[in-house]
>>> print(open('query.txt').read())   # compact mmCIF, C-alpha atoms
# COMPACT_ATOMS: atom_id res chain seq x y z
CA MET A 28 18.58 20.21 6.92
CA ASN A 29 19.78 16.95 8.48
CA ILE A 30 17.46 14.10 9.28
CA ASN A 31 17.57 14.66 13.06
CA THR A 32 16.47 18.27 12.64
CA SER A 33 13.79 17.14 10.20
CA ILE A 34 12.47 14.61 12.68
CA GLU A 35 12.33 17.20 15.43
CA GLN A 36 10.54 19.79 13.28
CA GLY A 37 8.30 17.60 11.15
CA TRP A 38 7.43 14.77 13.52
CA GLY A 39 7.82 16.39 16.90
CA ARG A 40 4.95 18.88 16.60
CA VAL A 41 2.44 16.66 18.33
CA ASP A 42 2.29 13.91 20.90
CA GLN A 43 2.35 11.23 18.23
CA ALA A 44 1.94 8.20 20.47
CA ALA A 45 -1.06 9.77 22.17
CA GLY A 46 -2.54 10.68 18.81
CA LEU A 47 -2.20 7.14 17.57
CA ARG A 48 -3.78 5.77 20.72
CA ARG A 49 -6.77 8.04 20.17
CA MET A 50 -7.08 6.80 16.60
CA ALA A 51 -6.74 3.16 17.62
CA LYS A 52 -9.42 3.51 20.30
CA ALA A 53 -11.78 5.23 17.89
CA ARG A 54 -12.09 2.23 15.56
CA PRO A 55 -9.89 -0.47 14.06
CA VAL A 56 -8.18 0.26 10.75
CA GLN A 57 -7.47 -2.40 8.16
CA VAL A 58 -3.95 -1.68 6.87
CA ILE A 59 -3.25 -3.31 3.50
CA ALA A 60 0.04 -3.13 1.60
CA VAL A 61 -0.23 -3.59 -2.17
CA THR A 62 3.12 -4.60 -3.61
CA SER A 63 4.83 -6.52 -6.41
CA GLY A 64 8.12 -8.21 -7.16
CA LYS A 65 8.71 -6.19 -10.31
CA GLY A 66 7.44 -3.01 -11.88
CA GLY A 67 5.10 -2.78 -14.82
CA VAL A 68 2.53 -5.30 -13.56
CA GLY A 69 -0.19 -2.75 -12.72
CA LYS A 70 0.33 -2.58 -8.96
CA SER A 71 -0.63 1.08 -8.62
CA SER A 72 -3.69 0.56 -10.80
CA VAL A 73 -4.79 -2.19 -8.42
CA SER A 74 -4.19 0.08 -5.41
CA VAL A 75 -6.16 2.96 -6.93
CA ASN A 76 -9.10 0.92 -8.18
CA LEU A 77 -9.34 -1.17 -5.00
CA SER A 78 -9.42 2.05 -2.96
CA VAL A 79 -12.10 3.64 -5.14
CA ALA A 80 -14.17 0.44 -5.20
CA LEU A 81 -14.09 0.22 -1.40
CA ALA A 82 -15.09 3.88 -1.16
CA ARG A 83 -17.96 3.32 -3.60
CA SER A 84 -19.27 0.66 -1.22
CA GLY A 85 -19.40 3.21 1.61
CA ARG A 86 -16.05 2.56 3.28
CA ARG A 87 -13.77 5.37 4.41
CA VAL A 88 -10.49 4.88 2.60
CA MET A 89 -7.06 6.47 2.71
CA LEU A 90 -4.59 5.66 -0.07
CA MET A 91 -0.93 6.29 0.66
CA ASP A 92 1.49 6.43 -2.26
CA ALA A 93 4.51 4.72 -0.70
CA ASP A 94 6.52 4.51 -3.90
CA LEU A 95 8.47 7.36 -2.41
CA GLY A 96 10.79 8.16 -5.31
CA LEU A 97 8.62 7.27 -8.32
CA ALA A 98 5.13 8.24 -7.24
CA ASN A 99 2.27 7.82 -9.69
CA VAL A 100 -1.01 7.58 -7.76
CA ASP A 101 -1.61 11.30 -8.32
CA VAL A 102 -0.84 10.87 -12.04
CA LEU A 103 -3.26 7.95 -12.37
CA LEU A 104 -6.01 10.10 -10.86
CA GLY A 105 -5.17 13.38 -12.60
CA LEU A 106 -4.34 15.17 -9.35
CA THR A 107 -1.80 17.97 -8.93
CA PRO A 108 -0.60 17.98 -5.32
CA ARG A 109 0.82 21.17 -3.89
CA TYR A 110 2.73 19.22 -1.25
CA ASN A 111 3.83 15.60 -0.98
CA LEU A 112 5.61 13.30 1.44
CA SER A 113 9.01 14.81 0.63
CA HIS A 114 7.78 18.05 2.25
CA VAL A 115 6.75 16.07 5.34
CA ILE A 116 10.19 14.45 5.46
CA GLU A 117 11.81 17.89 5.30
CA GLY A 118 9.59 19.19 8.09
CA GLN A 119 7.97 21.85 5.89
CA VAL A 120 4.37 20.71 6.35
CA THR A 121 2.36 18.24 8.35
CA LEU A 122 0.77 15.14 6.88
CA GLU A 123 -2.63 16.79 7.33
CA GLU A 124 -1.56 19.52 4.89
CA VAL A 125 -0.48 16.93 2.30
CA LEU A 126 -3.83 15.11 2.12
CA MET A 127 -5.88 15.44 -1.08
CA GLU A 128 -9.41 14.29 -1.84
CA GLY A 129 -9.66 11.81 -4.68
CA PRO A 130 -12.63 10.14 -6.41
CA GLU A 131 -15.47 8.88 -4.21
CA GLY A 132 -13.93 10.73 -1.28
CA VAL A 133 -10.77 8.61 -1.10
CA MET A 134 -8.13 10.49 0.91
CA ILE A 135 -4.84 10.53 -1.02
CA VAL A 136 -1.39 10.85 0.54
CA PRO A 137 0.81 11.77 -2.46
CA ALA A 138 4.52 11.02 -2.69
CA SER A 139 7.23 12.67 -4.78
CA SER A 140 8.44 11.60 -8.20
CA GLY A 141 11.98 11.63 -9.53
CA THR A 142 13.49 12.35 -6.11
CA LYS A 143 16.50 10.12 -5.48
CA ARG A 144 16.66 11.16 -1.82
CA MET A 145 13.14 9.84 -1.19
CA ALA A 146 13.88 6.53 -2.90
CA GLU A 147 16.82 5.94 -0.56
CA LEU A 148 15.23 6.49 2.85
CA GLY A 149 16.54 4.15 5.51
CA PRO A 150 14.42 2.11 7.94
CA ALA A 151 14.50 4.83 10.60
CA GLU A 152 13.30 7.49 8.16
CA ASN A 153 10.55 5.19 6.89
CA ALA A 154 9.50 4.67 10.51
CA GLY A 155 9.48 8.40 11.16
CA LEU A 156 7.40 9.01 8.07
CA ILE A 157 4.72 6.59 9.19
CA ARG A 158 4.78 8.08 12.68
CA SER A 159 3.47 11.27 11.13
CA PHE A 160 0.11 9.52 10.70
CA SER A 161 -0.49 10.41 14.35
CA GLU A 162 -1.24 13.95 13.16
CA LEU A 163 -4.34 12.84 11.30
CA SER A 164 -7.80 13.18 12.78
CA GLN A 165 -9.63 11.45 9.91
CA ASP A 166 -11.60 8.35 10.78
CA VAL A 167 -10.85 5.64 8.21
CA ASP A 168 -11.78 1.99 7.69
CA TYR A 169 -8.96 1.14 5.29
CA LEU A 170 -5.43 2.39 4.80
CA ILE A 171 -4.19 1.13 1.42
CA VAL A 172 -0.42 1.46 1.06
CA ASP A 173 0.83 1.38 -2.53
CA THR A 174 4.47 0.37 -2.10
CA ALA A 175 7.30 0.48 -4.60
CA ALA A 176 8.12 -2.70 -6.52
CA GLY A 177 10.92 -5.04 -5.44
CA ILE A 178 12.54 -5.71 -2.07
CA ALA A 179 13.95 -2.31 -1.08
CA ASP A 180 13.92 -1.22 2.59
CA SER A 181 10.75 0.83 2.20
CA VAL A 182 8.84 -2.03 0.55
CA ILE A 183 9.79 -4.48 3.28
CA SER A 184 9.06 -1.97 6.05
CA PHE A 185 5.57 -1.15 4.78
CA ALA A 186 4.66 -4.72 3.82
CA ARG A 187 5.70 -6.31 7.10
CA ALA A 188 3.98 -3.61 9.13
CA ALA A 189 0.62 -3.98 7.38
CA ARG A 190 -1.99 -6.46 8.54
CA GLU A 191 -2.54 -7.85 5.02
CA VAL A 192 -0.25 -8.00 1.98
CA ILE A 193 -1.54 -8.11 -1.58
CA VAL A 194 1.02 -9.18 -4.19
CA VAL A 195 0.27 -8.21 -7.78
CA ALA A 196 1.71 -10.36 -10.58
CA CYS A 197 1.05 -11.11 -14.22
CA ASP A 198 1.49 -14.38 -16.08
CA GLU A 199 5.02 -14.05 -17.34
CA PRO A 200 8.19 -15.69 -15.97
CA SER A 201 10.00 -12.65 -14.55
CA SER A 202 6.87 -11.40 -12.76
CA ILE A 203 6.25 -14.80 -11.17
CA THR A 204 9.93 -15.22 -10.21
CA ASP A 205 10.12 -11.76 -8.67
CA ALA A 206 6.79 -12.19 -6.86
CA TYR A 207 8.14 -15.39 -5.30
CA ALA A 208 11.38 -13.62 -4.32
CA LEU A 209 9.39 -10.89 -2.53
CA ILE A 210 7.17 -13.40 -0.71
CA LYS A 211 10.28 -15.40 0.21
CA VAL A 212 12.00 -12.40 1.80
CA LEU A 213 8.86 -11.38 3.71
CA ASN A 214 8.24 -14.90 4.97
CA ARG A 215 11.74 -16.24 5.65
CA ASP A 216 13.41 -13.10 6.91
CA TYR A 217 10.46 -11.28 8.52
CA HIS A 218 7.97 -14.07 9.27
CA VAL A 219 5.06 -12.57 7.34
CA PRO A 220 2.62 -15.51 7.53
CA ARG A 221 0.30 -14.91 4.58
CA ALA A 222 -0.14 -13.06 1.31
CA HIS A 223 -2.93 -12.60 -1.21
CA LEU A 224 -2.30 -12.77 -4.96
CA VAL A 225 -3.96 -10.56 -7.54
CA ALA A 226 -3.38 -11.95 -11.03
CA ASN A 227 -3.37 -8.92 -13.29
CA MET A 228 -3.79 -8.63 -17.06
CA VAL A 229 -5.18 -12.14 -17.47
CA SER A 230 -7.47 -13.51 -20.17
CA GLY A 231 -9.93 -14.88 -17.64
CA GLY A 232 -10.46 -16.82 -14.42
CA ARG A 233 -8.67 -19.93 -15.70
CA GLN A 234 -5.45 -18.06 -16.43
CA ALA A 235 -5.63 -16.36 -13.02
CA GLN A 236 -5.99 -19.77 -11.36
CA GLU A 237 -3.09 -21.22 -13.36
CA LEU A 238 -0.85 -18.29 -12.41
CA PHE A 239 -1.79 -18.76 -8.77
CA GLU A 240 -1.04 -22.49 -8.91
CA LYS A 241 2.41 -21.87 -10.40
CA LEU A 242 3.30 -19.55 -7.55
CA ALA A 243 1.55 -21.58 -4.86
CA ARG A 244 3.44 -24.78 -5.79
CA VAL A 245 6.80 -23.13 -5.18
CA CYS A 246 5.62 -21.39 -2.00
CA ASP A 247 4.19 -24.64 -0.60
CA LYS A 248 7.45 -26.47 -1.33
CA TYR A 249 9.94 -23.98 0.10
CA LEU A 250 8.12 -21.53 2.39
CA ASP A 251 5.91 -21.57 5.45
CA VAL A 252 3.41 -19.08 4.06
CA THR A 253 -0.29 -19.16 3.29
CA LEU A 254 -0.89 -17.83 -0.22
CA SER A 255 -4.46 -17.24 -1.43
CA LEU A 256 -5.86 -16.07 -4.76
CA LEU A 257 -7.72 -12.85 -4.12
CA GLY A 258 -8.82 -12.45 -7.74
CA GLY A 259 -7.89 -11.77 -11.32
CA ILE A 260 -8.12 -8.56 -13.34
CA PRO A 261 -8.73 -9.12 -17.06
CA MET A 262 -7.10 -7.41 -19.98
CA ASP A 263 -9.65 -4.76 -20.87
CA GLU A 264 -9.67 -1.87 -23.32
CA SER A 265 -11.76 0.09 -20.81
CA LEU A 266 -8.86 0.03 -18.38
CA ARG A 267 -6.51 1.49 -20.97
CA LYS A 268 -9.03 4.24 -21.77
CA ALA A 269 -9.47 5.04 -18.07
CA VAL A 270 -5.70 5.31 -17.58
CA GLN A 271 -5.47 7.68 -20.54
CA ARG A 272 -8.24 9.81 -19.03
CA GLN A 273 -6.52 9.65 -15.61
CA ARG A 274 -9.57 8.05 -14.03
CA ALA A 275 -10.22 4.90 -12.03
CA VAL A 276 -11.84 2.32 -14.30
CA VAL A 277 -14.14 1.22 -11.48
CA ALA A 278 -15.62 4.75 -11.46
CA MET A 279 -15.47 5.57 -15.17
CA TYR A 280 -16.53 2.19 -16.54
CA PRO A 281 -18.04 0.28 -13.60
CA GLY A 282 -19.84 -2.15 -15.91
CA SER A 283 -16.69 -3.11 -17.83
CA PRO A 284 -14.96 -6.46 -17.21
CA ALA A 285 -12.14 -4.71 -15.33
CA GLY A 286 -14.57 -2.51 -13.39
CA LYS A 287 -16.56 -5.53 -12.27
CA ALA A 288 -13.38 -7.42 -11.37
CA PHE A 289 -12.19 -4.60 -9.12
CA ALA A 290 -15.63 -4.38 -7.49
CA ASP A 291 -15.43 -8.14 -6.81
CA LEU A 292 -11.94 -7.66 -5.40
CA ALA A 293 -13.21 -4.97 -3.02
CA ARG A 294 -16.09 -7.20 -1.88
CA ARG A 295 -13.66 -9.99 -1.01
CA VAL A 296 -11.36 -7.62 0.85
CA ASP A 297 -14.34 -6.20 2.74
CA GLN A 298 -15.14 -9.72 3.95
CA TRP A 299 -11.83 -10.00 5.76
CA PRO A 300 -12.30 -9.70 9.52
CA MET A 301 -11.48 -6.26 10.85
CA PRO A 302 -8.72 -6.24 13.48
CA ALA A 303 -10.04 -6.56 17.01
CA GLY A 304 -6.72 -5.96 18.75
CA PRO A 305 -3.68 -3.81 18.07
CA GLU A 306 -2.68 -5.77 14.96
CA GLY A 307 -3.65 -3.72 11.94
CA HIS A 308 -4.20 -0.49 13.93
CA LEU A 309 -2.27 2.54 12.80
CA GLU A 310 -0.72 2.51 16.27
CA PHE A 311 0.59 -1.00 15.77
CA PHE A 312 1.58 -0.19 12.20
CA VAL A 313 3.84 2.54 13.50
CA GLU A 314 5.16 0.69 16.51
CA ARG A 315 6.29 -2.26 14.40
CA LEU A 316 8.20 0.07 12.09
CA VAL A 317 9.82 1.80 15.05
CA GLN A 318 10.81 -1.57 16.50
CA VAL A 319 12.43 -2.51 13.19
CA SER A 320 14.48 0.69 13.25
CA GLY A 321 15.35 0.25 16.90
CA LYS A 322 16.78 -3.19 16.22
CA SER A 323 18.94 -1.73 13.50
CA GLY A 324 20.36 0.74 16.01
CA GLU A 325 19.56 3.72 13.82
CA TRP A 326 16.73 5.32 15.73
CA GLN A 327 14.34 4.51 18.48
CA ALA A 328 11.19 6.28 19.55
>>> encode(input="query.txt", output="structure tokens")
Amino acid sequence: MNINTSIEQGWGRVDQAAGLRRMAKARPVQVIAVTSGKGGVGKSSVSVNLSVALARSGRRVMLMDADLGLANVDVLLGLTPRYNLSHVIEGQVTLEEVLMEGPEGVMIVPASSGTKRMAELGPAENAGLIRSFSELSQDVDYLIVDTAAGIADSVISFARAAREVIVVACDEPSSITDAYALIKVLNRDYHVPRAHLVANMVSGGRQAQELFEKLARVCDKYLDVTLSLLGGIPMDESLRKAVQRQRAVVAMYPGSPAGKAFADLARRVDQWPMPAGPEGHLEFFVERLVQVSGKSGEWQA
């Protein structure tokens, strides 16, 4: 099946623009991309635990696994999806049929793992995938998008389309260098004005602050971007145990240092102002992606 046929079958089943307008009018949605410059820094763990912590506080949360070729949100939560985003891409099912319920009622949008085709989607296909959110009738407060690591097309597309970007890094040279490279691309090439840092696997607040200052000094010198420290997640044996049990540490060990840190992270995120206009709405999220693809000449809505 070619991509044009897939678009017609998978994304042409509903009036997507009208569906998005209905969603946007219903209530604003805070769209947050969680990303990192390199893999292995705990980005997906941050996405999962932030989502669960927000849900535990009474927020309606949807978590999209946007690491399209190496998905692991379902693995972290011990879920076995029948369908995933590759089936949406192929036009076999709708996004509604892909949704799974995770802990605390978090709605999970699973991706595929070990699928080279999904890891190599172009900007137009990424735009079409996000357009499928118009099929959803769920009312959500937060859409957390767990991107892949690095600066691939899908990472840039999701990060620049979100209202807020959280960059996860740990205190080691390659992580800091790659985090800066990602922020640089988003800011210089795509004019993303701000990012929030989560310092992961730190010994305490002082190390988190020092990591932030290292990155902030370079950003202040060379970029026109506002970087803030959202918080630090400590090294914690409870987190390792929760991962082994395929549970969110914030649900399994809420009183642990890591559990408390994620709860604090969620409280800070929940203090961000909700979007009052189209910025941050799913409608705007989609339209920005479509505009990106239109400029590339590959596909326009």
>>> closest_residue(input="query.txt", among="A:Leu170, A:Val192, A:Leu126, A:Lys211", to="Lys248 of chain A", atoms="only C-alpha atoms")
A:Lys211
>>> closest_residue(input="query.txt", among="A:Ser72, A:Gly177, A:Gln57, A:Gly132", to="Asp205 of chain A", atoms="only C-alpha atoms")
A:Gly177
>>> atom_distance(input="query.txt", atom1="atom CA of Val277 of chain A", atom2="atom CA of Glu264 of chain A")
13.0 Å
>>> atom_distance(input="query.txt", atom1="atom CA of Val245 of chain A", atom2="atom CA of Asp216 of chain A")
17.0 Å
>>> residues_around(input="query.txt", residues="Val270 of chain A", least_positions_apart="3", cutoff="12 Å", atoms="only C-alpha atoms", output="MDAnalysis selection string")
chainID A and resid 69 71:73 75:76 99:105 263:267 273:280
>>> closest_residue(input="query.txt", among="A:Leu209, A:Leu95, A:Ala60, A:Leu106", to="Ser181 of chain A", atoms="all atoms listed in the file")
A:Leu95
